[in-house]
$ cat entry-v1.pdb   # PDB, C-alpha atoms and all ligand atoms
ATOM      1  CA  MET X   1      90.520  95.701  56.419
ATOM      2  CA  PRO X   2      86.770  95.463  57.003
ATOM      3  CA  LEU X   3      85.722  94.792  60.580
ATOM      4  CA  ASP X   4      82.186  93.613  59.791
ATOM      5  CA  GLY X   5      80.965  91.107  62.301
ATOM      6  CA  ILE X   6      83.373  92.000  65.111
ATOM      7  CA  GLY X   7      81.341  92.584  68.253
ATOM      8  CA  MET X   8      78.140  92.336  66.230
ATOM      9  CA  ASN X   9      76.631  89.257  67.798
ATOM     10  CA  GLY X  10      77.623  89.497  71.449
ATOM     11  CA  ARG X  11      74.978  89.004  74.131
ATOM     12  CA  LEU X  12      75.449  91.373  77.031
ATOM     13  CA  LEU X  13      73.629  91.617  80.364
ATOM     14  CA  VAL X  14      73.972  95.103  81.889
ATOM     15  CA  ILE X  15      73.298  95.653  85.602
ATOM     16  CA  GLY X  16      73.395  99.276  86.707
ATOM     17  CA  ALA X  17      71.747 102.629  87.264
ATOM     18  CA  LEU X  18      69.204 104.501  85.187
ATOM     19  CA  ASN X  19      68.956 108.263  85.664
ATOM     20  CA  VAL X  20      67.425 111.249  84.020
ATOM     21  CA  ASP X  21      70.166 113.854  83.532
ATOM     22  CA  MET X  22      69.317 117.543  84.038
ATOM     23  CA  VAL X  23      72.128 119.435  82.347
ATOM     24  CA  VAL X  24      73.238 123.076  82.368
ATOM     25  CA  ALA X  25      76.003 124.167  79.994
ATOM     26  CA  ALA X  26      77.926 126.950  81.743
ATOM     27  CA  PRO X  27      81.165 128.821  80.987
ATOM     28  CA  ARG X  28      82.863 127.075  83.903
ATOM     29  CA  LEU X  29      82.115 124.702  86.760
ATOM     30  CA  PRO X  30      81.035 126.334  90.047
ATOM     31  CA  GLY X  31      83.308 126.251  93.093
ATOM     32  CA  PRO X  32      81.969 125.591  96.615
ATOM     33  CA  GLY X  33      79.227 128.104  97.441
ATOM     34  CA  GLU X  34      79.463 129.694  94.010
ATOM     35  CA  THR X  35      76.676 130.264  91.468
ATOM     36  CA  VAL X  36      77.429 130.111  87.755
ATOM     37  CA  VAL X  37      74.827 131.011  85.149
ATOM     38  CA  GLY X  38      74.376 128.929  82.015
ATOM     39  CA  SER X  39      71.785 128.869  79.277
ATOM     40  CA  HIS X  40      68.686 126.658  79.112
ATOM     41  CA  LEU X  41      68.200 123.399  80.992
ATOM     42  CA  GLN X  42      68.544 120.220  78.907
ATOM     43  CA  ARG X  43      67.155 116.807  79.822
ATOM     44  CA  HIS X  44      68.910 113.623  78.647
ATOM     45  CA  GLY X  45      68.802 109.916  79.381
ATOM     46  CA  GLY X  46      71.582 108.969  81.806
ATOM     47  CA  GLY X  47      72.921 106.696  84.510
ATOM     48  CA  LYS X  48      76.141 104.768  84.004
ATOM     49  CA  GLY X  49      74.301 101.504  83.416
ATOM     50  CA  GLY X  50      71.780 102.995  81.004
ATOM     51  CA  ASN X  51      74.469 104.860  79.063
ATOM     52  CA  SER X  52      76.637 101.735  78.754
ATOM     53  CA  ALA X  53      73.659  99.677  77.611
ATOM     54  CA  VAL X  54      72.876 102.172  74.850
ATOM     55  CA  ALA X  55      76.529 102.270  73.742
ATOM     56  CA  ALA X  56      76.644  98.465  73.650
ATOM     57  CA  ALA X  57      73.387  98.190  71.695
ATOM     58  CA  ARG X  58      74.473 100.797  69.145
ATOM     59  CA  SER X  59      77.754  98.933  68.691
ATOM     60  CA  GLY X  60      75.789  95.850  67.655
ATOM     61  CA  ALA X  61      75.306  93.719  70.784
ATOM     62  CA  ALA X  62      72.032  92.228  71.985
ATOM     63  CA  VAL X  63      71.520  93.821  75.406
ATOM     64  CA  ARG X  64      69.322  92.916  78.375
ATOM     65  CA  TYR X  65      69.059  95.387  81.220
ATOM     66  CA  VAL X  66      68.721  94.772  84.961
ATOM     67  CA  GLY X  67      67.879  97.728  87.204
ATOM     68  CA  ALA X  68      65.045  99.831  88.573
ATOM     69  CA  VAL X  69      63.102 103.025  87.952
ATOM     70  CA  GLY X  70      60.494 104.796  90.042
ATOM     71  CA  SER X  71      56.760 104.893  89.284
ATOM     72  CA  ASP X  72      57.030 108.432  87.894
ATOM     73  CA  GLU X  73      57.216 110.152  84.523
ATOM     74  CA  PHE X  74      61.031 109.996  84.509
ATOM     75  CA  GLY X  75      60.852 106.218  84.881
ATOM     76  CA  THR X  76      58.531 105.881  81.909
ATOM     77  CA  THR X  77      60.837 108.094  79.855
ATOM     78  CA  ALA X  78      63.940 106.124  80.873
ATOM     79  CA  LEU X  79      62.346 102.823  79.857
ATOM     80  CA  THR X  80      60.967 104.202  76.595
ATOM     81  CA  GLU X  81      64.408 105.514  75.649
ATOM     82  CA  LEU X  82      66.167 102.204  76.372
ATOM     83  CA  HIS X  83      63.499 100.249  74.510
ATOM     84  CA  ALA X  84      63.871 102.562  71.508
ATOM     85  CA  GLU X  85      67.582 101.653  71.428
ATOM     86  CA  GLY X  86      66.699  97.962  71.205
ATOM     87  CA  VAL X  87      67.606  97.199  74.839
ATOM     88  CA  ASP X  88      65.426  94.514  76.469
ATOM     89  CA  VAL X  89      63.975  96.111  79.620
ATOM     90  CA  THR X  90      61.956  93.106  80.845
ATOM     91  CA  ASP X  91      64.147  92.897  83.962
ATOM     92  CA  VAL X  92      63.859  96.561  84.941
ATOM     93  CA  VAL X  93      61.706  96.704  88.081
ATOM     94  CA  VAL X  94      59.343  99.642  88.617
ATOM     95  CA  LYS X  95      59.554 100.539  92.322
ATOM     96  CA  GLU X  96      56.085 101.768  93.315
ATOM     97  CA  GLY X  97      56.118 105.117  95.089
ATOM     98  CA  SER X  98      59.826 105.684  94.474
ATOM     99  CA  ALA X  99      61.513 108.336  92.364
ATOM    100  CA  THR X 100      63.616 107.486  89.324
ATOM    101  CA  GLY X 101      67.308 108.331  89.712
ATOM    102  CA  ALA X 102      68.235 111.848  88.640
ATOM    103  CA  ALA X 103      71.554 113.556  88.010
ATOM    104  CA  LEU X 104      72.252 117.291  88.187
ATOM    105  CA  ILE X 105      75.071 118.032  85.763
ATOM    106  CA  VAL X 106      77.029 121.168  84.892
ATOM    107  CA  VAL X 107      79.157 121.033  81.727
ATOM    108  CA  ASP X 108      81.797 123.718  81.138
ATOM    109  CA  ALA X 109      83.093 125.237  77.906
ATOM    110  CA  ALA X 110      85.827 122.561  77.630
ATOM    111  CA  GLY X 111      83.279 119.728  77.957
ATOM    112  CA  GLU X 112      84.301 118.858  81.539
ATOM    113  CA  ASN X 113      81.501 118.098  83.959
ATOM    114  CA  GLN X 114      80.431 118.062  87.578
ATOM    115  CA  ILE X 115      77.708 115.601  88.582
ATOM    116  CA  ALA X 116      75.541 115.077  91.686
ATOM    117  CA  VAL X 117      73.195 112.083  91.656
ATOM    118  CA  ALA X 118      69.954 111.436  93.559
ATOM    119  CA  ALA X 119      70.005 107.631  93.478
ATOM    120  CA  GLY X 120      66.247 107.114  93.959
ATOM    121  CA  ALA X 121      65.110 103.680  92.734
ATOM    122  CA  ASN X 122      68.694 102.668  91.832
ATOM    123  CA  GLU X 123      69.416 102.295  95.536
ATOM    124  CA  GLU X 124      66.407  99.960  95.830
ATOM    125  CA  VAL X 125      67.581  97.312  93.341
ATOM    126  CA  THR X 126      67.733  94.172  95.487
ATOM    127  CA  ALA X 127      69.849  91.029  95.329
ATOM    128  CA  ARG X 128      66.543  89.246  94.656
ATOM    129  CA  ASP X 129      65.838  91.489  91.598
ATOM    130  CA  VAL X 130      69.239  90.489  90.235
ATOM    131  CA  ALA X 131      68.726  86.799  91.064
ATOM    132  CA  VAL X 132      65.392  86.754  89.184
ATOM    133  CA  ALA X 133      67.002  88.348  86.143
ATOM    134  CA  VAL X 134      69.985  85.962  86.278
ATOM    135  CA  GLU X 135      67.609  83.003  86.476
ATOM    136  CA  ARG X 136      65.791  84.261  83.348
ATOM    137  CA  ALA X 137      69.109  84.821  81.588
ATOM    138  CA  GLN X 138      70.427  81.269  82.096
ATOM    139  CA  GLY X 139      72.538  80.304  79.104
ATOM    140  CA  TRP X 140      72.056  83.656  77.360
ATOM    141  CA  PRO X 141      74.842  86.242  77.989
ATOM    142  CA  SER X 142      78.452  85.895  76.953
ATOM    143  CA  CYS X 143      79.375  88.800  79.226
ATOM    144  CA  VAL X 144      77.911  90.818  82.123
ATOM    145  CA  LEU X 145      78.679  94.504  82.689
ATOM    146  CA  ILE X 146      78.018  95.816  86.204
ATOM    147  CA  SER X 147      78.476  99.346  87.514
ATOM    148  CA  THR X 148      78.366 100.260  91.181
ATOM    149  CA  GLU X 149      75.837 103.133  91.073
ATOM    150  CA  ILE X 150      73.113 100.788  92.407
ATOM    151  CA  SER X 151      72.736  99.140  95.832
ATOM    152  CA  ALA X 152      75.807  97.267  97.088
ATOM    153  CA  ALA X 153      73.671  94.137  97.563
ATOM    154  CA  ALA X 154      72.643  94.145  93.888
ATOM    155  CA  VAL X 155      76.224  94.700  92.708
ATOM    156  CA  ALA X 156      77.483  91.836  94.865
ATOM    157  CA  ALA X 157      74.676  89.553  93.654
ATOM    158  CA  GLY X 158      75.551  90.314  90.032
ATOM    159  CA  VAL X 159      79.299  89.767  90.390
ATOM    160  CA  GLU X 160      78.817  86.570  92.366
ATOM    161  CA  ALA X 161      76.203  85.220  89.939
ATOM    162  CA  ALA X 162      78.494  85.911  86.969
ATOM    163  CA  ALA X 163      81.259  83.893  88.658
ATOM    164  CA  MET X 164      78.853  81.033  89.452
ATOM    165  CA  GLN X 165      77.492  80.964  85.895
ATOM    166  CA  GLY X 166      80.953  81.231  84.317
ATOM    167  CA  TRP X 167      80.009  84.483  82.549
ATOM    168  CA  LEU X 168      82.761  86.969  81.724
ATOM    169  CA  CYS X 169      82.226  89.893  84.126
ATOM    170  CA  VAL X 170      83.266  93.527  83.640
ATOM    171  CA  LEU X 171      82.940  95.579  86.843
ATOM    172  CA  ASN X 172      82.994  99.356  86.431
ATOM    173  CA  PRO X 173      83.751 100.593  89.982
ATOM    174  CA  ALA X 174      82.086 103.979  89.616
ATOM    175  CA  PRO X 175      82.004 104.833  92.435
ATOM    176  CA  VAL X 176      84.451 102.675  94.434
ATOM    177  CA  THR X 177      83.041 101.532  97.764
ATOM    178  CA  ALA X 178      84.531  99.415 100.559
ATOM    179  CA  ASP X 179      82.510  96.481  99.151
ATOM    180  CA  THR X 180      84.230  96.782  95.771
ATOM    181  CA  CYS X 181      87.493  95.361  97.146
ATOM    182  CA  ASP X 182      85.692  92.341  98.548
ATOM    183  CA  LEU X 183      84.307  91.564  95.078
ATOM    184  CA  LEU X 184      87.816  91.234  93.604
ATOM    185  CA  ARG X 185      87.844  87.628  94.870
ATOM    186  CA  PHE X 186      85.381  86.788  92.060
ATOM    187  CA  ALA X 187      88.002  87.934  89.509
ATOM    188  CA  PRO X 188      85.966  90.470  87.530
ATOM    189  CA  ILE X 189      87.680  92.580  84.872
ATOM    190  CA  ILE X 190      87.871  95.993  86.585
ATOM    191  CA  THR X 191      87.579  99.247  84.575
ATOM    192  CA  PRO X 192      88.363 102.159  86.923
ATOM    193  CA  ASN X 193      89.269 105.679  85.867
ATOM    194  CA  ARG X 194      92.412 107.215  87.398
ATOM    195  CA  GLY X 195      90.682 108.435  90.576
ATOM    196  CA  GLU X 196      88.846 105.168  91.093
ATOM    197  CA  LEU X 197      92.095 103.240  90.614
ATOM    198  CA  GLN X 198      93.699 105.368  93.346
ATOM    199  CA  ASP X 199      90.736 104.678  95.652
ATOM    200  CA  LEU X 200      91.000 100.917  95.029
ATOM    201  CA  TYR X 201      94.773 100.952  95.517
ATOM    202  CA  ARG X 202      94.460 102.722  98.880
ATOM    203  CA  LEU X 203      91.632 100.442 100.036
ATOM    204  CA  LEU X 204      93.918  97.496  99.252
ATOM    205  CA  GLY X 205      96.560  99.041 101.512
ATOM    206  CA  GLY X 206      98.664 100.830  98.872
ATOM    207  CA  THR X 207     100.436 103.995 100.011
ATOM    208  CA  GLY X 208     102.501 106.795  98.500
ATOM    209  CA  ASP X 209     102.608 108.177  94.976
ATOM    210  CA  ALA X 210     102.528 105.064  92.808
ATOM    211  CA  SER X 211     102.342 105.202  89.003
ATOM    212  CA  VAL X 212      99.141 104.203  87.214
ATOM    213  CA  GLU X 213     100.953 101.038  86.056
ATOM    214  CA  ALA X 214     102.001 100.127  89.622
ATOM    215  CA  MET X 215      98.519 100.743  91.025
ATOM    216  CA  ALA X 216      96.860  98.762  88.224
ATOM    217  CA  THR X 217      99.295  95.870  88.749
ATOM    218  CA  ALA X 218      98.502  95.830  92.482
ATOM    219  CA  VAL X 219      94.758  95.655  91.790
ATOM    220  CA  ALA X 220      95.140  93.072  88.995
ATOM    221  CA  SER X 221      97.287  90.823  91.149
ATOM    222  CA  ARG X 222      94.554  90.891  93.822
ATOM    223  CA  SER X 223      91.713  90.162  91.365
ATOM    224  CA  ARG X 224      93.758  87.776  89.200
ATOM    225  CA  ALA X 225      92.059  89.395  86.204
ATOM    226  CA  PRO X 226      92.920  92.234  83.821
ATOM    227  CA  VAL X 227      92.475  95.830  84.952
ATOM    228  CA  VAL X 228      91.590  98.398  82.289
ATOM    229  CA  VAL X 229      92.208 101.985  83.422
ATOM    230  CA  THR X 230      90.337 104.666  81.484
ATOM    231  CA  LEU X 231      92.512 107.786  81.240
ATOM    232  CA  GLY X 232      90.354 110.208  79.248
ATOM    233  CA  ALA X 233      92.354 111.978  76.549
ATOM    234  CA  GLU X 234      95.295 109.629  77.296
ATOM    235  CA  GLY X 235      93.324 106.545  76.244
ATOM    236  CA  VAL X 236      93.384 103.384  78.348
ATOM    237  CA  LEU X 237      95.942 101.208  80.102
ATOM    238  CA  LEU X 238      95.443  97.438  79.987
ATOM    239  CA  CYS X 239      97.188  95.620  82.798
ATOM    240  CA  SER X 240      97.237  91.857  83.254
ATOM    241  CA  ALA X 241      97.401  89.992  86.540
ATOM    242  CA  ALA X 242     101.041  89.207  85.643
ATOM    243  CA  GLY X 243     101.781  92.948  85.541
ATOM    244  CA  VAL X 244     102.143  93.192  81.751
ATOM    245  CA  SER X 245     100.706  96.495  80.588
ATOM    246  CA  ASN X 246      99.748  97.954  77.240
ATOM    247  CA  ARG X 247      98.587 101.509  76.500
ATOM    248  CA  ILE X 248      95.990 102.234  73.858
ATOM    249  CA  PRO X 249      95.975 105.908  72.866
ATOM    250  CA  ALA X 250      92.725 107.855  72.668
ATOM    251  CA  GLY X 251      91.229 108.567  69.281
ATOM    252  CA  SER X 252      91.067 112.285  68.577
ATOM    253  CA  ALA X 253      87.654 113.901  68.864
ATOM    254  CA  ARG X 254      86.899 116.552  66.202
ATOM    255  CA  GLN X 255      85.387 118.746  68.914
ATOM    256  CA  VAL X 256      84.894 118.164  72.627
ATOM    257  CA  ILE X 257      81.429 119.414  73.591
ATOM    258  CA  ASP X 258      80.508 117.155  76.520
ATOM    259  CA  THR X 259      82.570 114.375  78.099
ATOM    260  CA  THR X 260      79.617 113.113  80.199
ATOM    261  CA  GLY X 261      79.229 109.380  79.604
ATOM    262  CA  ALA X 262      82.515 108.912  77.710
ATOM    263  CA  GLY X 263      83.604 106.321  80.286
ATOM    264  CA  ASP X 264      80.209 104.640  80.061
ATOM    265  CA  THR X 265      80.557 104.485  76.286
ATOM    266  CA  PHE X 266      83.956 102.842  76.676
ATOM    267  CA  ASN X 267      82.570 100.301  79.130
ATOM    268  CA  GLY X 268      79.532  99.460  76.995
ATOM    269  CA  VAL X 269      81.479  98.964  73.796
ATOM    270  CA  PHE X 270      84.378  97.192  75.538
ATOM    271  CA  ALA X 271      82.026  94.685  77.216
ATOM    272  CA  ALA X 272      79.925  94.262  74.049
ATOM    273  CA  SER X 273      83.081  93.572  72.054
ATOM    274  CA  LEU X 274      84.298  90.988  74.573
ATOM    275  CA  ALA X 275      80.829  89.418  74.418
ATOM    276  CA  GLY X 276      81.170  89.331  70.633
ATOM    277  CA  GLY X 277      84.461  87.450  70.790
ATOM    278  CA  CYS X 278      87.070  90.221  70.522
ATOM    279  CA  ASP X 279      90.290  89.821  72.506
ATOM    280  CA  PHE X 280      91.063  92.391  75.240
ATOM    281  CA  THR X 281      93.160  94.637  73.050
ATOM    282  CA  MET X 282      90.643  94.808  70.204
ATOM    283  CA  ALA X 283      87.748  95.261  72.645
ATOM    284  CA  ALA X 284      89.622  98.146  74.283
ATOM    285  CA  ARG X 285      90.441  99.700  70.887
ATOM    286  CA  ARG X 286      86.756  99.613  69.963
ATOM    287  CA  GLY X 287      85.804 101.134  73.332
ATOM    288  CA  VAL X 288      88.363 103.911  73.005
ATOM    289  CA  ALA X 289      87.250 104.769  69.456
ATOM    290  CA  ALA X 290      83.610 104.885  70.564
ATOM    291  CA  ALA X 291      84.394 107.044  73.614
ATOM    292  CA  ALA X 292      86.246 109.586  71.468
ATOM    293  CA  LEU X 293      83.222 109.892  69.165
ATOM    294  CA  SER X 294      80.817 110.188  72.114
ATOM    295  CA  VAL X 295      82.087 113.566  73.326
ATOM    296  CA  GLU X 296      81.153 115.479  70.185
ATOM    297  CA  SER X 297      77.576 116.451  71.201
ATOM    298  CA  ALA X 298      75.772 117.528  74.370
ATOM    299  CA  GLY X 299      74.300 114.704  76.476
ATOM    300  CA  ALA X 300      75.786 111.366  77.471
ATOM    301  CA  ARG X 301      74.150 109.379  74.664
ATOM    302  CA  THR X 302      73.632 111.841  71.805
ATOM    303  CA  SER X 303      76.777 111.133  69.809
ATOM    304  CA  MET X 304      77.432 107.547  70.878
ATOM    305  CA  PRO X 305      78.446 105.809  67.636
ATOM    306  CA  ASP X 306      77.122 102.725  65.887
ATOM    307  CA  ALA X 307      79.271  99.791  64.766
ATOM    308  CA  SER X 308      80.045 101.271  61.351
ATOM    309  CA  ASP X 309      81.276 104.560  62.898
ATOM    310  CA  ILE X 310      83.574 102.596  65.219
ATOM    311  CA  ASP X 311      84.861 100.423  62.377
ATOM    312  CA  ALA X 312      85.536 103.518  60.254
ATOM    313  CA  VAL X 313      87.697 105.042  63.009
ATOM    314  CA  LEU X 314      89.649 101.802  63.495
ATOM    315  CA  SER X 315      90.175 101.355  59.771
ATOM    316  CA  SER X 316      91.384 104.969  59.449
ATOM    317  CA  ILE X 317      94.117 104.378  62.033
ATOM    318  CA  GLY X 318      95.001 100.943  60.674
ATOM    319  CA  ALA X 319      93.874  99.195  63.868
ATOM    320  CA  GLY X 320      91.609  96.646  62.252
ATOM    321  CA  VAL X 321      91.817  92.901  62.767
TER     322      VAL X 321
HETATM  323  O1  LIG W   1      78.747 108.759  83.687
HETATM  324  C1  LIG W   1      77.804 109.752  83.421
HETATM  325  C2  LIG W   1      76.540 109.475  84.183
HETATM  326  O2  LIG W   1      76.819 109.575  85.554
HETATM  327  C3  LIG W   1      75.426 110.462  83.928
HETATM  328  O3  LIG W   1      74.589 110.085  82.866
HETATM  329  C4  LIG W   1      74.732 110.561  85.269
HETATM  330  O4  LIG W   1      73.420 110.096  85.249
HETATM  331  C5  LIG W   1      75.605 109.785  86.248
HETATM  332  O5  LIG W   1      75.111 108.541  86.513
END

$ encode --input "entry-v1.pdb" --output "structure tokens"
Amino acid sequence: MPLDGIGMNGRLLVIGALNVDMVVAAPRLPGPGETVVGSHLQRHGGGKGGNSAVAAARSGAAVRYVGAVGSDEFGTTALTELHAEGVDVTDVVVKEGSATGAALIVVDAAGENQIAVAAGANEEVTARDVAVAVERAQGWPSCVLISTEISAAAVAAGVEAAAMQGWLCVLNPAPVTADTCDLLRFAPIITPNRGELQDLYRLLGGTGDASVEAMATAVASRSRAPVVVTLGAEGVLLCSAAGVSNRIPAGSARQVIDTTGAGDTFNGVFAASLAGGCDFTMAARRGVAAAALSVESAGARTSMPDASDIDAVLSSIGAGV
């Protein structure tokens, strides 16, 4: 069944980090104090917010971006790349004298990665920057996607503003901080990976070896909103506040070259699909299909799919609407 039009006309506001990724492909990831030698250095656009925005735009949503870059060459590159993807960067603030965020990434032969981030201007996004962007966006978005790689004040301002405006809010807690738990009172849809779910569960007072389902139910009952756990090759788990869960298996990638940004791809396409009117299950199916396609080339954004690629995968597995 054709899926034309699904997720095609959503309006998504993305609040998050923009980085430049410096990537070395090496046979394996280094241990503490160890040096591994890879080939040449590659430079890619990155940052969880930027990656999600690109994934959302390619999947067909109209995307406006809220964040910050430094007044350096990396900042110009980051903005040029987002603009080229059709993302509106009017609300990206250039922080004079600051450095643009940068990530040092090693990718091993199986596509697994290790990442260290210098936050730079991302840490300088203020609650006021977010408030200005929200004011400009009055009446525009159907959904807001926020990731926690920027200042805690900006994250809190975004989540709170979404609740005040009645906008659907997807909060990607990457990384989880003590402030993340406090934001659950605004009932955002949370999209942790397995490790982030464990962190949230413990911060909420959970102990012992609980299953993913039990941890997700504990978090969902606190936020009174669905929790969507991204589980890599195992797909995603959707868990409602009532504790009803549903697993969506991962699509199979033809080849796994680089898993960097697969979670961001899921988040971008999931939020874009919700913004476009999909229900949770269909939005998650679209996100999972997109994430599987995104790991087939080096760099977080290189093989992120467009809407027709996603639709083709869903049609091939009979998961259309
Ligand atoms: O999720 C992948 C991203 O994490 C990379 O692009 C890197 O910039 C870090 O933010």

$ residues_around --input "entry-v1.pdb" --residues "segment 209-213 of chain X" --least-positions-apart "4" --cutoff "8 Å" --atoms "only C-alpha atoms" --output "PyMOL selection string"
chain X and resi 194+197+217+237+239+245

$ resolve_selection --input "entry-v1.pdb" --expression "the PyMOL selection byres (((chain X and resi 219) around 12) and not hetatm)" --output "ChimeraX atom specification"
/X:180-185,187-192,196-206,212-218,220-229,238-243

$ closest_atom_pairs --input "entry-v1.pdb" --of "segment 273-317 of chain X" --to "segment 113-132 of chain X" --cutoff "12 Å" --atoms "all atoms listed in the file" --output "JSON lines"
{"residue": "X:Val295", "atom": "CA", "partner": "X:Asn113", "partner_atom": "CA", "distance": 11.6}
{"residue": "X:Ala298", "atom": "CA", "partner": "X:Asn113", "partner_atom": "CA", "distance": 11.2}
{"residue": "X:Gly299", "atom": "CA", "partner": "X:Asn113", "partner_atom": "CA", "distance": 10.9}
{"residue": "X:Ala300", "atom": "CA", "partner": "X:Asn113", "partner_atom": "CA", "distance": 11.0}

$ closest_atom_pairs --input "entry-v1.pdb" --of "chain X" --to "ligand LIG 1 (chain W)" --cutoff "8 Å" --atoms "all atoms listed in the file" --output "JSON lines"
{"residue": "X:Ala17", "atom": "CA", "partner": "W:LIG1", "partner_atom": "O5", "distance": 6.8}
{"residue": "X:Leu18", "atom": "CA", "partner": "W:LIG1", "partner_atom": "O4", "distance": 7.0}
{"residue": "X:Asn19", "atom": "CA", "partner": "W:LIG1", "partner_atom": "O4", "distance": 4.8}
{"residue": "X:Val20", "atom": "CA", "partner": "W:LIG1", "partner_atom": "O4", "distance": 6.2}
{"residue": "X:Asp21", "atom": "CA", "partner": "W:LIG1", "partner_atom": "O4", "distance": 5.3}
{"residue": "X:His44", "atom": "CA", "partner": "W:LIG1", "partner_atom": "O3", "distance": 7.9}
{"residue": "X:Gly45", "atom": "CA", "partner": "W:LIG1", "partner_atom": "O3", "distance": 6.8}
{"residue": "X:Gly46", "atom": "CA", "partner": "W:LIG1", "partner_atom": "O3", "distance": 3.4}
{"residue": "X:Gly47", "atom": "CA", "partner": "W:LIG1", "partner_atom": "O5", "distance": 3.5}
{"residue": "X:Lys48", "atom": "CA", "partner": "W:LIG1", "partner_atom": "O5", "distance": 4.6}
{"residue": "X:Gly49", "atom": "CA", "partner": "W:LIG1", "partner_atom": "O5", "distance": 7.7}
{"residue": "X:Gly50", "atom": "CA", "partner": "W:LIG1", "partner_atom": "O3", "distance": 7.9}
{"residue": "X:Asn51", "atom": "CA", "partner": "W:LIG1", "partner_atom": "O3", "distance": 6.5}
{"residue": "X:Gly101", "atom": "CA", "partner": "W:LIG1", "partner_atom": "O4", "distance": 7.8}
{"residue": "X:Ala102", "atom": "CA", "partner": "W:LIG1", "partner_atom": "O4", "distance": 6.4}
{"residue": "X:Ala103", "atom": "CA", "partner": "W:LIG1", "partner_atom": "O4", "distance": 4.8}
{"residue": "X:Leu104", "atom": "CA", "partner": "W:LIG1", "partner_atom": "C4", "distance": 7.7}
{"residue": "X:Ile105", "atom": "CA", "partner": "W:LIG1", "partner_atom": "C4", "distance": 7.5}
{"residue": "X:Ile115", "atom": "CA", "partner": "W:LIG1", "partner_atom": "C5", "distance": 6.6}
{"residue": "X:Ala116", "atom": "CA", "partner": "W:LIG1", "partner_atom": "C5", "distance": 7.6}
{"residue": "X:Val117", "atom": "CA", "partner": "W:LIG1", "partner_atom": "C5", "distance": 6.4}
{"residue": "X:Glu149", "atom": "CA", "partner": "W:LIG1", "partner_atom": "O5", "distance": 7.1}
{"residue": "X:Thr260", "atom": "CA", "partner": "W:LIG1", "partner_atom": "C1", "distance": 5.0}
{"residue": "X:Gly261", "atom": "CA", "partner": "W:LIG1", "partner_atom": "C1", "distance": 4.1}
{"residue": "X:Ala262", "atom": "CA", "partner": "W:LIG1", "partner_atom": "O1", "distance": 7.1}
{"residue": "X:Gly263", "atom": "CA", "partner": "W:LIG1", "partner_atom": "O1", "distance": 6.4}
{"residue": "X:Asp264", "atom": "CA", "partner": "W:LIG1", "partner_atom": "O1", "distance": 5.7}
{"residue": "X:Gly299", "atom": "CA", "partner": "W:LIG1", "partner_atom": "O3", "distance": 7.9}
{"residue": "X:Ala300", "atom": "CA", "partner": "W:LIG1", "partner_atom": "O3", "distance": 5.7}

$ write_last_selection --input "entry-v1.pdb" --atoms "C-alpha atoms" --output "PDB file, in the frame of the given file"
ATOM      1  CA  ALA X  17      71.747 102.629  87.264  1.00  0.00           C
ATOM      2  CA  LEU X  18      69.204 104.501  85.187  1.00  0.00           C
ATOM      3  CA  ASN X  19      68.956 108.263  85.664  1.00  0.00           C
ATOM      4  CA  VAL X  20      67.425 111.249  84.020  1.00  0.00           C
ATOM      5  CA  ASP X  21      70.166 113.854  83.532  1.00  0.00           C
ATOM      6  CA  HIS X  44      68.910 113.623  78.647  1.00  0.00           C
ATOM      7  CA  GLY X  45      68.802 109.916  79.381  1.00  0.00           C
ATOM      8  CA  GLY X  46      71.582 108.969  81.806  1.00  0.00           C
ATOM      9  CA  GLY X  47      72.921 106.696  84.510  1.00  0.00           C
ATOM     10  CA  LYS X  48      76.141 104.768  84.004  1.00  0.00           C
ATOM     11  CA  GLY X  49      74.301 101.504  83.416  1.00  0.00           C
ATOM     12  CA  GLY X  50      71.780 102.995  81.004  1.00  0.00           C
ATOM     13  CA  ASN X  51      74.469 104.860  79.063  1.00  0.00           C
ATOM     14  CA  GLY X 101      67.308 108.331  89.712  1.00  0.00           C
ATOM     15  CA  ALA X 102      68.235 111.848  88.640  1.00  0.00           C
ATOM     16  CA  ALA X 103      71.554 113.556  88.010  1.00  0.00           C
ATOM     17  CA  LEU X 104      72.252 117.291  88.187  1.00  0.00           C
ATOM     18  CA  ILE X 105      75.071 118.032  85.763  1.00  0.00           C
ATOM     19  CA  ILE X 115      77.708 115.601  88.582  1.00  0.00           C
ATOM     20  CA  ALA X 116      75.541 115.077  91.686  1.00  0.00           C
ATOM     21  CA  VAL X 117      73.195 112.083  91.656  1.00  0.00           C
ATOM     22  CA  GLU X 149      75.837 103.133  91.073  1.00  0.00           C
ATOM     23  CA  THR X 260      79.617 113.113  80.199  1.00  0.00           C
ATOM     24  CA  GLY X 261      79.229 109.380  79.604  1.00  0.00           C
ATOM     25  CA  ALA X 262      82.515 108.912  77.710  1.00  0.00           C
ATOM     26  CA  GLY X 263      83.604 106.321  80.286  1.00  0.00           C
ATOM     27  CA  ASP X 264      80.209 104.640  80.061  1.00  0.00           C
ATOM     28  CA  GLY X 299      74.300 114.704  76.476  1.00  0.00           C
ATOM     29  CA  ALA X 300      75.786 111.366  77.471  1.00  0.00           C
TER      30      ALA X 300
END

$ atom_distance --input "entry-v1.pdb" --atom1 "atom CA of Ala157 of chain X" --atom2 "atom CA of Phe186 of chain X"
11.2 Å
